[in-house]
Amino acid sequence: MKQQKQRLTLVLFFLVLSLGSAQNLPVVFESVEGRSEIRPGEVVVLQVFGTKYEKIEVALYDSSNRVLTRVPGYVRETEGLGYAFLPIPNTINAGYYRIDVILNVLGGQKSTIHRIIRVSPRTFPEERITLTRELTNVRTANPSLRARESEILGQVLFTPNPKNWFWTDRFISPLENIRRTADYGARRLFLYDDGTSATSIHGGRDYGGPIGTPVMAPGAGRVVFSGYRQVTGWTIVLEHLPGIFTLYYHLDSLVTTIGQVVAQGEKIGELGSTGLATGPHLHWEARVLIDTVDPEFFIQVPLLDNTYRIFYNGEIQ
Ligand SMILES: [Zn+2]
């Protein structure tokens, strides 16, 4: 009798599962640790286990089936696990979105797993920044130099290195004392000295502090960019995991070189006011490939979060 009851429960369970996929009901992607919601500017860290893969890709779709983001994942052959970091754009509205995990299993089979995720509302502050003639020039002069600089940085961010596997835990803050002066995702209006203006979205967090304050690596990583840029001043980029970068702008000086591997807490530079800065501060940014995400998210959540796990048993789901 007990066995029959168990079997009935199991049949009902599979019935619910198949109904869910057949009618495309909004079955919310249940997380292991109860965090089934995510905010714009955060990251869904997916772990797929159960078989061996050649390739993993993830994509985020809105309710009209439009692709919002599509990023490659990574395979850890040693652990038989597939990982993918899906950045949730800071421009999307609260609501339900679909995640597709596209798997190329060893041997050629291709399969797509669908999950629905709920994005919570998040409001971003608005800021007006009045720029002097000198700072207006920093932001607008030499367009061809700025284009070349952004192309060089883009090449770094679009070329994740599978060997850069240095940090899976939580980040620590890059400064010992944190005084936030601007939030991630702030909607900015720059007022130029000639009366014109321009808008942008703040891609990182700003922390004020005295010039010369040591800036530390939030987690181990490799220095993949180190140099001067017109708008961001003395700049460093670290890669902690393939495609997971942190960026440091407006530094006064750099103490690292490209290719160097740094430990968590190691000094990488000094806080400054170089480039487009209205005062001494560190601009700290995190990126999943080219997309900016809230860097403080990874202080709360480990890079390889166990929250979103998918067991893939070879069935098309
Ligand atoms: Zn900033």
# chains A, B, ... in the order shown; residues from 1 in each chain; ligands from 1
$ residues_near_ligand --ligand "ligand 1" --cutoff "10 Å" --atoms "only C-alpha atoms and all ligand atoms" --output "VMD selection string"
chain A and resid 181 to 186 201 to 207 232 248 to 250 276 to 277 281 to 285
$ write_last_selection --atoms "C-alpha atoms" --output "compact mmCIF listing (two decimals), in the first residue's frame"
# COMPACT_ATOMS: atom_id res chain seq x y z
CA THR A 181 29.95 58.07 -3.40
CA ALA A 182 28.03 56.59 -6.36
CA ASP A 183 25.91 53.49 -6.85
CA TYR A 184 26.05 50.83 -9.50
CA GLY A 185 23.55 51.42 -12.29
CA ALA A 186 23.03 55.13 -11.50
CA ILE A 201 24.59 54.35 -16.92
CA HIS A 202 27.20 54.03 -14.18
CA GLY A 203 28.84 50.63 -14.68
CA GLY A 204 30.46 50.29 -11.26
CA ARG A 205 30.57 51.56 -7.67
CA ASP A 206 32.49 54.66 -6.59
CA TYR A 207 34.26 54.85 -3.24
CA THR A 232 39.27 55.99 -16.84
CA TYR A 248 39.77 49.61 -11.26
CA TYR A 249 39.64 53.17 -12.63
CA HIS A 250 41.16 56.57 -11.77
CA LEU A 276 37.33 61.74 -15.60
CA ALA A 277 37.15 62.23 -11.82
CA HIS A 281 37.85 57.96 -5.67
CA LEU A 282 38.05 54.36 -6.78
CA HIS A 283 35.64 53.23 -9.49
CA TRP A 284 35.21 49.48 -8.95
CA GLU A 285 33.48 47.51 -11.66
$ residues_around --residues "segment 213-221 of chain A" --least-positions-apart "6" --cutoff "8 Å" --atoms "only C-alpha atoms" --output "VMD selection string"
chain A and resid 164 to 167 169 to 175 238 to 241 261 to 271
$ write_last_selection --atoms "C-alpha atoms" --output "compact mmCIF listing (two decimals), in the first residue's frame"
# COMPACT_ATOMS: atom_id res chain seq x y z
CA ASN A 164 42.45 32.02 -15.61
CA TRP A 165 40.77 29.92 -12.96
CA PHE A 166 41.84 31.61 -9.72
CA TRP A 167 38.89 32.40 -7.47
CA ASP A 169 34.66 32.21 -3.33
CA ARG A 170 33.25 35.57 -2.20
CA PHE A 171 35.13 38.79 -2.91
CA ILE A 172 36.39 41.10 -0.21
CA SER A 173 36.08 44.84 -0.66
CA PRO A 174 38.96 46.42 -2.63
CA LEU A 175 39.36 49.14 0.04
CA LEU A 238 41.78 41.42 -13.26
CA GLU A 239 40.36 38.11 -14.55
CA HIS A 240 39.31 35.83 -11.67
CA LEU A 241 37.54 33.09 -13.62
CA VAL A 261 48.86 36.73 -10.77
CA VAL A 262 47.72 38.45 -7.57
CA ALA A 263 46.40 36.95 -4.33
CA GLN A 264 43.24 38.06 -2.52
CA GLY A 265 44.04 41.19 -0.50
CA GLU A 266 47.26 41.93 -2.42
CA LYS A 267 47.84 45.59 -3.26
CA ILE A 268 47.29 46.28 -6.99
CA GLY A 269 47.41 50.08 -7.03
CA GLU A 270 46.61 53.30 -5.18
CA LEU A 271 43.40 55.30 -5.16
$ residues_around --residues "Val58 of chain A" --least-positions-apart "6" --cutoff "6 Å" --atoms "only C-alpha atoms" --output "ChimeraX atom specification"
/A:70-71,100-101
$ residues_around --residues "Val45 of chain A" --least-positions-apart "6" --cutoff "7 Å" --atoms "only C-alpha atoms" --output "PyMOL selection string"
chain A and resi 84-86+304-305+308
$ residues_around --residues "Ser226 of chain A" --least-positions-apart "3" --cutoff "10 Å" --atoms "only C-alpha atoms" --output "PyMOL selection string"
chain A and resi 223+229+234-238+247-248+254-259
$ write_last_selection --atoms "N, CA and C atoms" --output "PDB file, in the first residue's frame"
ATOM      1  N   VAL A 223      46.294  39.838 -13.815  1.00  0.00           N
ATOM      2  CA  VAL A 223      46.193  41.178 -14.393  1.00  0.00           C
ATOM      3  C   VAL A 223      46.150  41.005 -15.915  1.00  0.00           C
ATOM      4  N   ARG A 229      44.173  55.262 -19.665  1.00  0.00           N
ATOM      5  CA  ARG A 229      43.096  55.491 -20.632  1.00  0.00           C
ATOM      6  C   ARG A 229      42.547  56.895 -20.385  1.00  0.00           C
ATOM      7  N   TRP A 234      44.483  55.873 -14.901  1.00  0.00           N
ATOM      8  CA  TRP A 234      45.268  54.648 -14.685  1.00  0.00           C
ATOM      9  C   TRP A 234      44.309  53.525 -14.327  1.00  0.00           C
ATOM     10  N   THR A 235      44.377  52.446 -15.109  1.00  0.00           N
ATOM     11  CA  THR A 235      43.350  51.402 -15.080  1.00  0.00           C
ATOM     12  C   THR A 235      43.977  50.015 -14.961  1.00  0.00           C
ATOM     13  N   ILE A 236      43.331  49.172 -14.161  1.00  0.00           N
ATOM     14  CA  ILE A 236      43.740  47.760 -14.053  1.00  0.00           C
ATOM     15  C   ILE A 236      42.507  46.893 -14.286  1.00  0.00           C
ATOM     16  N   VAL A 237      42.700  45.766 -14.959  1.00  0.00           N
ATOM     17  CA  VAL A 237      41.630  44.769 -15.096  1.00  0.00           C
ATOM     18  C   VAL A 237      42.174  43.425 -14.616  1.00  0.00           C
ATOM     19  N   LEU A 238      41.417  42.760 -13.728  1.00  0.00           N
ATOM     20  CA  LEU A 238      41.778  41.415 -13.256  1.00  0.00           C
ATOM     21  C   LEU A 238      40.778  40.413 -13.823  1.00  0.00           C
ATOM     22  N   LEU A 247      37.377  45.638 -12.630  1.00  0.00           N
ATOM     23  CA  LEU A 247      38.090  46.761 -13.223  1.00  0.00           C
ATOM     24  C   LEU A 247      38.266  47.867 -12.176  1.00  0.00           C
ATOM     25  N   TYR A 248      39.389  48.570 -12.233  1.00  0.00           N
ATOM     26  CA  TYR A 248      39.765  49.607 -11.264  1.00  0.00           C
ATOM     27  C   TYR A 248      40.155  50.841 -12.053  1.00  0.00           C
ATOM     28  N   LEU A 254      49.986  52.387 -10.398  1.00  0.00           N
ATOM     29  CA  LEU A 254      49.783  50.945 -10.517  1.00  0.00           C
ATOM     30  C   LEU A 254      51.003  50.246  -9.939  1.00  0.00           C
ATOM     31  N   VAL A 255      50.804  49.105  -9.309  1.00  0.00           N
ATOM     32  CA  VAL A 255      51.972  48.373  -8.792  1.00  0.00           C
ATOM     33  C   VAL A 255      52.035  46.969  -9.396  1.00  0.00           C
ATOM     34  N   THR A 256      51.219  46.736 -10.434  1.00  0.00           N
ATOM     35  CA  THR A 256      51.223  45.403 -11.051  1.00  0.00           C
ATOM     36  C   THR A 256      51.504  45.530 -12.543  1.00  0.00           C
ATOM     37  N   THR A 257      51.812  44.417 -13.173  1.00  0.00           N
ATOM     38  CA  THR A 257      52.029  44.412 -14.626  1.00  0.00           C
ATOM     39  C   THR A 257      51.155  43.332 -15.255  1.00  0.00           C
ATOM     40  N   ILE A 258      50.919  43.477 -16.560  1.00  0.00           N
ATOM     41  CA  ILE A 258      50.069  42.514 -17.280  1.00  0.00           C
ATOM     42  C   ILE A 258      50.665  41.112 -17.162  1.00  0.00           C
ATOM     43  N   GLY A 259      49.802  40.150 -16.891  1.00  0.00           N
ATOM     44  CA  GLY A 259      50.243  38.752 -16.787  1.00  0.00           C
ATOM     45  C   GLY A 259      50.483  38.301 -15.363  1.00  0.00           C
TER      46      GLY A 259
END
$ atom_distance --atom1 "atom CA of Gln230 of chain A" --atom2 "atom CA of Ile129 of chain A"
18.2 Å
$ select_by_dssp --residues "segment 67-234 of chain A" --states "alpha helix (DSSP H)" --output "number ranges by chain"
A: 133-140, 143-157
$ atom_distance --atom1 "atom CA of Gly82 of chain A" --atom2 "atom CA of Ser120 of chain A"
26.3 Å
$ select_by_dssp --residues "segment 41-118 of chain A" --states "strand (DSSP E or B)" --output "number ranges by chain"
A: 43-49, 53-61, 67-72, 74-76, 81-87, 95-105, 110-118
$ write_last_selection --atoms "N, CA and C atoms" --output "short mmCIF file (atom, residue, chain, number, x, y, z; two decimals), in the first residue's frame"
data_model
loop_
_atom_site.label_atom_id
_atom_site.label_comp_id
_atom_site.auth_asym_id
_atom_site.auth_seq_id
_atom_site.Cartn_x
_atom_site.Cartn_y
_atom_site.Cartn_z
N VAL A 43 23.84 38.42 -11.09
CA VAL A 43 24.28 37.34 -11.98
C VAL A 43 23.63 36.03 -11.57
N VAL A 44 23.08 35.30 -12.52
CA VAL A 44 22.61 33.95 -12.26
C VAL A 44 23.78 33.02 -12.57
N VAL A 45 24.26 32.34 -11.53
CA VAL A 45 25.38 31.41 -11.71
C VAL A 45 24.78 30.01 -11.81
N LEU A 46 24.85 29.44 -13.00
CA LEU A 46 24.25 28.13 -13.23
C LEU A 46 25.32 27.05 -13.18
N GLN A 47 24.99 25.95 -12.54
CA GLN A 47 25.91 24.81 -12.55
C GLN A 47 25.15 23.63 -13.09
N VAL A 48 25.66 23.02 -14.13
CA VAL A 48 25.01 21.86 -14.72
C VAL A 48 25.90 20.66 -14.48
N PHE A 49 25.32 19.61 -13.90
CA PHE A 49 26.13 18.42 -13.65
C PHE A 49 25.34 17.19 -14.05
N TYR A 53 30.27 17.48 -21.00
CA TYR A 53 29.87 18.39 -22.07
C TYR A 53 31.07 18.84 -22.88
N GLU A 54 30.75 19.22 -24.13
CA GLU A 54 31.77 19.86 -24.95
C GLU A 54 31.63 21.37 -24.83
N LYS A 55 30.39 21.79 -24.74
CA LYS A 55 30.12 23.23 -24.82
C LYS A 55 28.82 23.55 -24.09
N ILE A 56 28.79 24.68 -23.41
CA ILE A 56 27.58 25.16 -22.74
C ILE A 56 27.38 26.62 -23.10
N GLU A 57 26.14 26.97 -23.34
CA GLU A 57 25.80 28.37 -23.64
C GLU A 57 24.54 28.69 -22.87
N VAL A 58 24.40 29.93 -22.42
CA VAL A 58 23.13 30.33 -21.78
C VAL A 58 22.61 31.59 -22.44
N ALA A 59 21.29 31.70 -22.45
CA ALA A 59 20.67 32.88 -23.05
C ALA A 59 19.46 33.28 -22.22
N LEU A 60 19.21 34.58 -22.19
CA LEU A 60 18.07 35.13 -21.45
C LEU A 60 17.08 35.70 -22.47
N TYR A 61 15.80 35.31 -22.33
CA TYR A 61 14.75 35.76 -23.25
C TYR A 61 13.68 36.52 -22.49
N VAL A 67 16.01 37.67 -27.51
CA VAL A 67 17.23 37.36 -26.74
C VAL A 67 17.76 38.66 -26.14
N LEU A 68 17.94 38.68 -24.82
CA LEU A 68 18.49 39.86 -24.15
C LEU A 68 19.99 39.71 -23.95
N THR A 69 20.42 38.52 -23.62
CA THR A 69 21.84 38.24 -23.39
C THR A 69 22.10 36.80 -23.79
N ARG A 70 23.27 36.56 -24.36
CA ARG A 70 23.66 35.20 -24.71
C ARG A 70 25.15 35.09 -24.43
N VAL A 71 25.53 34.19 -23.55
CA VAL A 71 26.95 34.08 -23.18
C VAL A 71 27.41 32.63 -23.15
N PRO A 72 28.69 32.40 -23.50
CA PRO A 72 29.21 31.04 -23.39
C PRO A 72 29.44 30.66 -21.94
N TYR A 74 31.34 27.53 -19.30
CA TYR A 74 32.65 26.89 -19.21
C TYR A 74 32.50 25.47 -18.70
N VAL A 75 33.37 24.62 -19.18
CA VAL A 75 33.33 23.22 -18.80
C VAL A 75 34.55 22.92 -17.95
N ARG A 76 34.31 22.29 -16.79
CA ARG A 76 35.42 21.83 -15.94
C ARG A 76 35.49 20.33 -16.10
N LEU A 81 31.62 19.13 -14.54
CA LEU A 81 30.62 20.17 -14.30
C LEU A 81 30.65 21.21 -15.40
N GLY A 82 29.50 21.77 -15.68
CA GLY A 82 29.42 22.90 -16.58
C GLY A 82 28.97 24.12 -15.81
N TYR A 83 29.63 25.24 -16.04
CA TYR A 83 29.29 26.48 -15.34
C TYR A 83 28.88 27.54 -16.35
N ALA A 84 27.98 28.40 -15.97
CA ALA A 84 27.67 29.54 -16.82
C ALA A 84 27.27 30.72 -15.94
N PHE A 85 27.75 31.90 -16.29
CA PHE A 85 27.42 33.12 -15.56
C PHE A 85 26.54 33.96 -16.47
N LEU A 86 25.30 34.14 -16.06
CA LEU A 86 24.36 34.90 -16.90
C LEU A 86 24.12 36.26 -16.26
N PRO A 87 24.65 37.33 -16.87
CA PRO A 87 24.42 38.66 -16.30
C PRO A 87 22.99 39.12 -16.59
N GLY A 95 9.88 41.06 -13.62
CA GLY A 95 8.97 40.15 -14.30
C GLY A 95 9.61 38.79 -14.53
N TYR A 96 8.91 38.00 -15.33
CA TYR A 96 9.39 36.64 -15.62
C TYR A 96 10.20 36.62 -16.91
N TYR A 97 11.30 35.91 -16.88
CA TYR A 97 12.16 35.77 -18.06
C TYR A 97 12.53 34.30 -18.21
N ARG A 98 12.85 33.90 -19.43
CA ARG A 98 13.23 32.51 -19.67
C ARG A 98 14.75 32.41 -19.83
N ILE A 99 15.30 31.38 -19.20
CA ILE A 99 16.72 31.08 -19.39
C ILE A 99 16.81 29.79 -20.20
N ASP A 100 17.57 29.80 -21.26
CA ASP A 100 17.86 28.57 -22.01
C ASP A 100 19.30 28.18 -21.73
N VAL A 101 19.49 26.93 -21.36
CA VAL A 101 20.84 26.39 -21.21
C VAL A 101 21.04 25.44 -22.38
N ILE A 102 21.93 25.78 -23.29
CA ILE A 102 22.14 24.98 -24.50
C ILE A 102 23.38 24.12 -24.29
N LEU A 103 23.18 22.82 -24.30
CA LEU A 103 24.27 21.89 -23.98
C LEU A 103 24.70 21.10 -25.21
N ASN A 104 26.00 21.04 -25.45
CA ASN A 104 26.54 20.09 -26.42
C ASN A 104 27.20 18.99 -25.60
N VAL A 105 26.53 17.86 -25.53
CA VAL A 105 27.04 16.75 -24.73
C VAL A 105 28.13 16.04 -25.53
N LYS A 110 22.81 17.46 -28.81
CA LYS A 110 22.60 18.83 -28.38
C LYS A 110 21.24 18.91 -27.70
N SER A 111 21.17 19.64 -26.62
CA SER A 111 19.92 19.70 -25.88
C SER A 111 19.77 21.07 -25.22
N THR A 112 18.53 21.50 -25.09
CA THR A 112 18.29 22.79 -24.45
C THR A 112 17.39 22.62 -23.24
N ILE A 113 17.82 23.16 -22.11
CA ILE A 113 17.03 23.12 -20.88
C ILE A 113 16.43 24.51 -20.67
N HIS A 114 15.12 24.55 -20.41
CA HIS A 114 14.47 25.84 -20.19
C HIS A 114 14.16 26.03 -18.71
N ARG A 115 14.36 27.21 -18.23
CA ARG A 115 13.95 27.56 -16.87
C ARG A 115 13.35 28.96 -16.90
N ILE A 116 12.43 29.21 -15.98
CA ILE A 116 11.85 30.55 -15.86
C ILE A 116 12.43 31.18 -14.60
N ILE A 117 12.76 32.44 -14.70
CA ILE A 117 13.31 33.13 -13.54
C ILE A 117 12.52 34.41 -13.30
N ARG A 118 12.39 34.76 -12.02
CA ARG A 118 11.67 36.00 -11.71
C ARG A 118 12.68 37.08 -11.34
#
$ residues_around --residues "Pro89 of chain A" --least-positions-apart "2" --cutoff "6 Å" --atoms "only C-alpha atoms" --output "count of residues only"
4
$ closest_residue --among "A:Gln109, A:Gly208, A:Thr123, A:Ile290" --to "Ile178 of chain A" --atoms "only C-alpha atoms"
A:Gly208
$ closest_residue --among "A:Pro162, A:Pro302, A:Gly212, A:Pro143" --to "Val231 of chain A" --atoms "only C-alpha atoms"
A:Pro143
$ atom_distance --atom1 "atom CA of Asn177 of chain A" --atom2 "atom CA of Pro210 of chain A"
10.7 Å
